[in-house]
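A.B. asks: Before anything else, here's the structure in question.
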Amino acid sequence: MKASLIGMITMIPLLVSACSQGDSAPRTVVTGLVDATEVDVASKVPGRVRETFVREGQTVERGQKLVSIEADEIDAKIAQVNAAIAAAEAKLRLARSGARKEERDAARQGVAAARHQLDLAKKTYDRVVALRATGAIADAQFDEAEAKLKLAQDQLDMAESRYSLVMRGARAEEIDALSALVEQARGNLAEVRSYERETTQDAPIAGEVSKVLLHAGELAATGYPMVTIVDLSDVWATFAVREDMLTRVHKGDTIQVEIPALGRTAPMTVESIAAMGDFATWKATSEKNSFDLKSFEVKARPVDRIDGLRPGMTVRWTME
C-alpha cells in the first residue's frame with residue numbers, strides 16, 4: 001500500500017488571515033488536502049493484458065477479479081516441469097523395484113556358468129597334480145593348471161558379487177538422491193503455479209477504482225501497476241504547519257476543519273506530527289535574529305465518517 005502523493009504538492013500552509021481581536025492571539029488559516037490509502041495492483045509476471053474487468057470509478061470488493069494476463073510462456077514451463085517430474089518419478093520407481101527379471105536371470109546364469117568353470121578347472125588341477133607326482137608332466141603344465149583354477153575361482157567370486165548386487169537393487173543413498181530430485185521437480189512446479197496465479201489479478205482490498213492504467217492488448221511489465229484502488233474508508237487530511245506555530249497543536253487534539261467541496265465543517269483528530277523535507281523550509285530574511293523555519297506535516301483523521309470526502313479535496317483549518 002502507499003499513500004497518495006497529491007497532498008505533497010501544495011503542503012506549504014497558506015496564511016489566509018492573521019488578525020488580532022482585542023487581546024486574543026492571532027488566528028491562522030491553514031489549507032490542507034485530503035488523502036487516502038491507495039493500492040497499486042501489479043503482476044509478478046509480464047504478459048499481454050487479455051481483459052480488464054473494471055472501470056474507473058467502479059466500486060470493487062476484496063477478491064473481485066480485475067485483470068487477466070496472457071502468459072503462454074508459463075503454460076510451456078508447466079509442461080516442461082511436469083515432464084521433469086514424470087522422469088524423476090520413473091527413475092525412482094526403477095531404483096525401488098530393482099533389476100528386471102531378465103537381468104536377475106542373467107546374473108543367476110552367470111554364477112552357474114562360473115561354478116561349472118571352477119569345477120572343470122578343479123578336476124583338471126587334480127589330474128595334473130596326480131601326473132606330476134609320477135613325473136609324467138613338467139612343472140610348467142602344473143603351474144598353468146593351478147593358474148586356471150585360481151582364475152576360475154576369481155570369476156565365480158565376481159559372478160556371485162554381480163548377482164548379489166542385482167538382487168539387492170539400488171543403494172539407500174541412491175534412492176534418497178532420486179527422491180530428492182522428485183521433490184525438487186515438484187517444488188519447481190509449485191513455483192510455476194504461483195506465477196500462473198499471477199496471470200489473474202484480484203482486488204486486494206475493497207474500495208473504488210481510481211485508475212485503470214492498462215487495457216486489453218497492452219503489455220504489462222513485471223511490477224508495473226495495472227489498476228489503482230483507493231480505500232475511501234481510510235482517509236485523512238494533511239497540513240503543513242510552520243514550526244513556530246506548533247505550540248498551537250498537539251497530537252490527540254480535536255480540530256474543526258472546513259470542507260469547501262462539501263459545504264460543511266467536521267471534527268478531526270490530530271494523529272501525527274512529523275518534520276517535512278528541506279523543500280518545505282521557510283528561509284530566513286535579512287531581519288535581525290531571524291532563522292530558517294522548518295515545516296511540519298500534521299495529519300488528522302475524521303472523528304466520524306464523512307460521506308463524500310474524497311482524496312484531493314481541500315480542507316481549511318483555523319488555528320487559534
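Just remember, in the C-alpha cells the first chain shown is A, the second B, etc., residues are 1-based per chain, and ligands are 1-based in the order shown.
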Considering only strand (DSSP E) as DSSP defines it on the backbone, what residues of range 44-273 of chain A qualify? List them as a PyMOL selection string.
C.D. replies: chain A and resi 47-52+59-60+65-70+200-202+207-212+219-220+227-242+254-259+264-273
A.B. asks: Please list as a VMD selection string every residue within 12 Å of Arg127 in chain A, counting only C-alpha atoms and excluding residues in the same chain fewer than 6 positions away.
C.D. replies: chain A and resid 120 to 121 133 to 134 136 to 137 141 to 142 145 to 146
A.B. asks: Take the residues from that selection and write them out as a PDB file, in the first residue's frame, keeping N, CA and C atoms.
C.D. replies:
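Resulting contents of out07.pdb:
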```
ATOM      1  N   LEU A 120      35.377 -77.627 -13.500  1.00  0.00           N
ATOM      2  CA  LEU A 120      36.232 -78.173 -14.544  1.00  0.00           C
ATOM      3  C   LEU A 120      37.697 -77.867 -14.252  1.00  0.00           C
ATOM      4  N   ALA A 121      37.981 -76.637 -13.833  1.00  0.00           N
ATOM      5  CA  ALA A 121      39.363 -76.272 -13.524  1.00  0.00           C
ATOM      6  C   ALA A 121      39.897 -77.080 -12.351  1.00  0.00           C
ATOM      7  N   ALA A 133      53.008 -86.061  -9.714  1.00  0.00           N
ATOM      8  CA  ALA A 133      53.605 -86.925  -8.686  1.00  0.00           C
ATOM      9  C   ALA A 133      54.357 -88.099  -9.305  1.00  0.00           C
ATOM     10  N   THR A 134      53.923 -88.500 -10.517  1.00  0.00           N
ATOM     11  CA  THR A 134      54.590 -89.613 -11.203  1.00  0.00           C
ATOM     12  C   THR A 134      55.684 -89.124 -12.133  1.00  0.00           C
ATOM     13  N   ALA A 136      55.148 -87.414 -14.872  1.00  0.00           N
ATOM     14  CA  ALA A 136      54.716 -87.530 -16.257  1.00  0.00           C
ATOM     15  C   ALA A 136      54.593 -86.183 -16.946  1.00  0.00           C
ATOM     16  N   ILE A 137      54.486 -85.107 -16.192  1.00  0.00           N
ATOM     17  CA  ILE A 137      54.335 -83.782 -16.792  1.00  0.00           C
ATOM     18  C   ILE A 137      55.364 -82.828 -16.195  1.00  0.00           C
ATOM     19  N   GLN A 141      53.292 -77.235 -16.856  1.00  0.00           N
ATOM     20  CA  GLN A 141      51.896 -77.640 -17.018  1.00  0.00           C
ATOM     21  C   GLN A 141      51.140 -77.579 -15.686  1.00  0.00           C
ATOM     22  N   PHE A 142      51.851 -77.900 -14.636  1.00  0.00           N
ATOM     23  CA  PHE A 142      51.241 -77.775 -13.303  1.00  0.00           C
ATOM     24  C   PHE A 142      50.922 -76.314 -12.974  1.00  0.00           C
ATOM     25  N   ALA A 145      47.813 -75.198 -14.849  1.00  0.00           N
ATOM     26  CA  ALA A 145      46.567 -75.722 -14.276  1.00  0.00           C
ATOM     27  C   ALA A 145      46.223 -74.996 -12.977  1.00  0.00           C
ATOM     28  N   GLU A 146      47.242 -74.709 -12.187  1.00  0.00           N
ATOM     29  CA  GLU A 146      46.995 -74.005 -10.936  1.00  0.00           C
ATOM     30  C   GLU A 146      46.484 -72.588 -11.192  1.00  0.00           C
TER      31      GLU A 146
END
```
A.B. asks: Within range 40-282 of chain A, find each residue whose DSSP state, derived from the backbone, is helix (DSSP H, G or I), and express the selection as a count of residues only.
C.D. replies: 125
A.B. asks: Here is a test: counting only C-alpha atoms, which residue of A:Leu66, A:Val249, A:Ala95, A:Met319 is nearest to Ala172 in chain A?
C.D. replies: A:Ala95
A.B. asks: Using only C-alpha atoms, determine which residues lie at most 10 Å from Tyr195 in chain A, disregarding the query and same-chain residues fewer than 3 positions distant; provide the list as a PyMOL selection string.
C.D. replies: chain A and resi 43-46+71+74+189-192+198-200
A.B. asks: Give me a file of those residues, with C-alpha atoms, as a tab-separated table (two decimals), in the first residue's frame.
C.D. replies:
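Saved to out.tsv:
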```tsv
chain	number	residue	atom	x	y	z
A	43	SER	CA	1.67	-8.70	-11.52
A	44	LYS	CA	4.92	-10.52	-10.81
A	45	VAL	CA	4.92	-11.90	-14.37
A	46	PRO	CA	4.97	-9.96	-17.65
A	71	ALA	CA	1.26	-15.82	-20.45
A	74	ILE	CA	4.06	-20.14	-18.20
A	189	LEU	CA	6.01	-26.94	-10.34
A	190	ALA	CA	4.70	-25.17	-7.23
A	191	GLU	CA	6.80	-22.12	-8.14
A	192	VAL	CA	5.48	-22.04	-11.70
A	198	GLU	CA	-0.35	-14.04	-11.07
A	199	THR	CA	-1.96	-14.03	-14.53
A	200	THR	CA	-5.26	-13.15	-12.86
```
A.B. asks: In Å, how far is it from CA of Ala79 in chain A to CA of Leu219 in chain A?
C.D. replies: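 Pair CA of Ala79 in chain A / CA of Leu219 in chain A returns 23.8 Å.
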A.B. asks: I need the residue nearest Glu70 in chain A from this list: A:Val49, A:Leu181, A:Val303, A:Met245. Use only C-alpha atoms for the distance.
C.D. replies: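 The answer is A:Val49, which sits nearest to Glu70 in chain A.
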A.B. asks: Excluding range 223-235 of chain A and any residue of its chain fewer than 4 positions from it, enumerate the residues within 10 Å of it, using only C-alpha atoms, and give them as a PyMOL selection string.
C.D. replies: chain A and resi 1-4+34-46+49+52+54-60+66-67+201+203-215+219+300-302+305-311
A.B. asks: Save out the residues we just selected, C-alpha atoms, as a compact mmCIF listing (two decimals), in the first residue's frame.
C.D. replies:
```txt
# COMPACT_ATOMS: atom_id res chain seq x y z
CA MET A 1 0.00 0.00 0.00
CA LYS A 2 1.00 3.59 -0.48
CA ALA A 3 -0.40 6.94 0.41
CA SER A 4 -1.34 9.26 -2.42
CA VAL A 34 -7.48 15.12 1.83
CA ASP A 35 -5.54 11.93 1.22
CA ALA A 36 -6.40 8.22 1.33
CA THR A 37 -4.79 4.81 1.19
CA GLU A 38 -4.19 3.62 -2.35
CA VAL A 39 -3.12 0.21 -3.65
CA ASP A 40 -1.41 -0.32 -6.99
CA VAL A 41 -2.30 -3.75 -8.38
CA ALA A 42 0.59 -5.26 -10.37
CA SER A 43 1.67 -8.70 -11.52
CA LYS A 44 4.92 -10.52 -10.81
CA VAL A 45 4.92 -11.90 -14.37
CA PRO A 46 4.97 -9.96 -17.65
CA VAL A 49 -3.44 -7.99 -20.97
CA THR A 52 -9.81 -5.69 -17.95
CA VAL A 54 -13.34 -2.95 -14.11
CA ARG A 55 -13.73 0.73 -14.99
CA GLU A 56 -12.55 3.86 -13.26
CA GLY A 57 -14.97 4.93 -10.54
CA GLN A 58 -16.29 1.40 -10.05
CA THR A 59 -16.65 0.06 -6.52
CA VAL A 60 -14.99 -3.32 -6.02
CA LEU A 66 -9.66 -7.01 -12.01
CA VAL A 67 -7.36 -8.02 -14.87
CA GLN A 201 -5.20 -10.15 -10.55
CA ALA A 203 -8.66 -6.77 -5.72
CA PRO A 204 -6.53 -6.95 -2.53
CA ILE A 205 -8.88 -4.55 -0.72
CA ALA A 206 -12.41 -3.23 -1.04
CA GLY A 207 -12.57 0.28 -2.46
CA GLU A 208 -13.02 2.36 -5.57
CA VAL A 209 -11.06 2.01 -8.80
CA SER A 210 -9.30 5.35 -9.23
CA LYS A 211 -7.14 4.46 -12.24
CA VAL A 212 -7.09 1.81 -14.96
CA LEU A 213 -3.62 2.06 -16.46
CA LEU A 214 -3.64 -0.90 -18.88
CA HIS A 215 -6.30 -2.25 -21.20
CA LEU A 219 1.80 -5.27 -22.50
CA ALA A 300 -5.58 14.47 11.10
CA ARG A 301 -8.29 11.84 10.69
CA PRO A 302 -12.05 12.40 10.78
CA ARG A 305 -17.12 9.00 8.74
CA ILE A 306 -17.66 11.95 6.38
CA ASP A 307 -19.83 10.99 3.42
CA GLY A 308 -18.48 12.32 0.14
CA LEU A 309 -14.98 13.07 1.44
CA ARG A 310 -12.52 12.16 -1.30
CA PRO A 311 -8.77 12.41 -1.88
```
A.B. asks: Could you check which of A:Glu160, A:Glu320, A:Glu144, A:Glu174 is closest to Thr247 in chain A, using only C-alpha atoms?
C.D. replies: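 Of A:Glu160, A:Glu320, A:Glu144, A:Glu174, the one nearest Thr247 in chain A is A:Glu320, counting only C-alpha atoms.
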A.B. asks: Provide the CA of Thr222 in chain A to CA of Lys65 in chain A distance in Å, to one decimal place.
C.D. replies: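 Straight-line distance from CA of Thr222 in chain A to CA of Lys65 in chain A works out to 18.6 Å.
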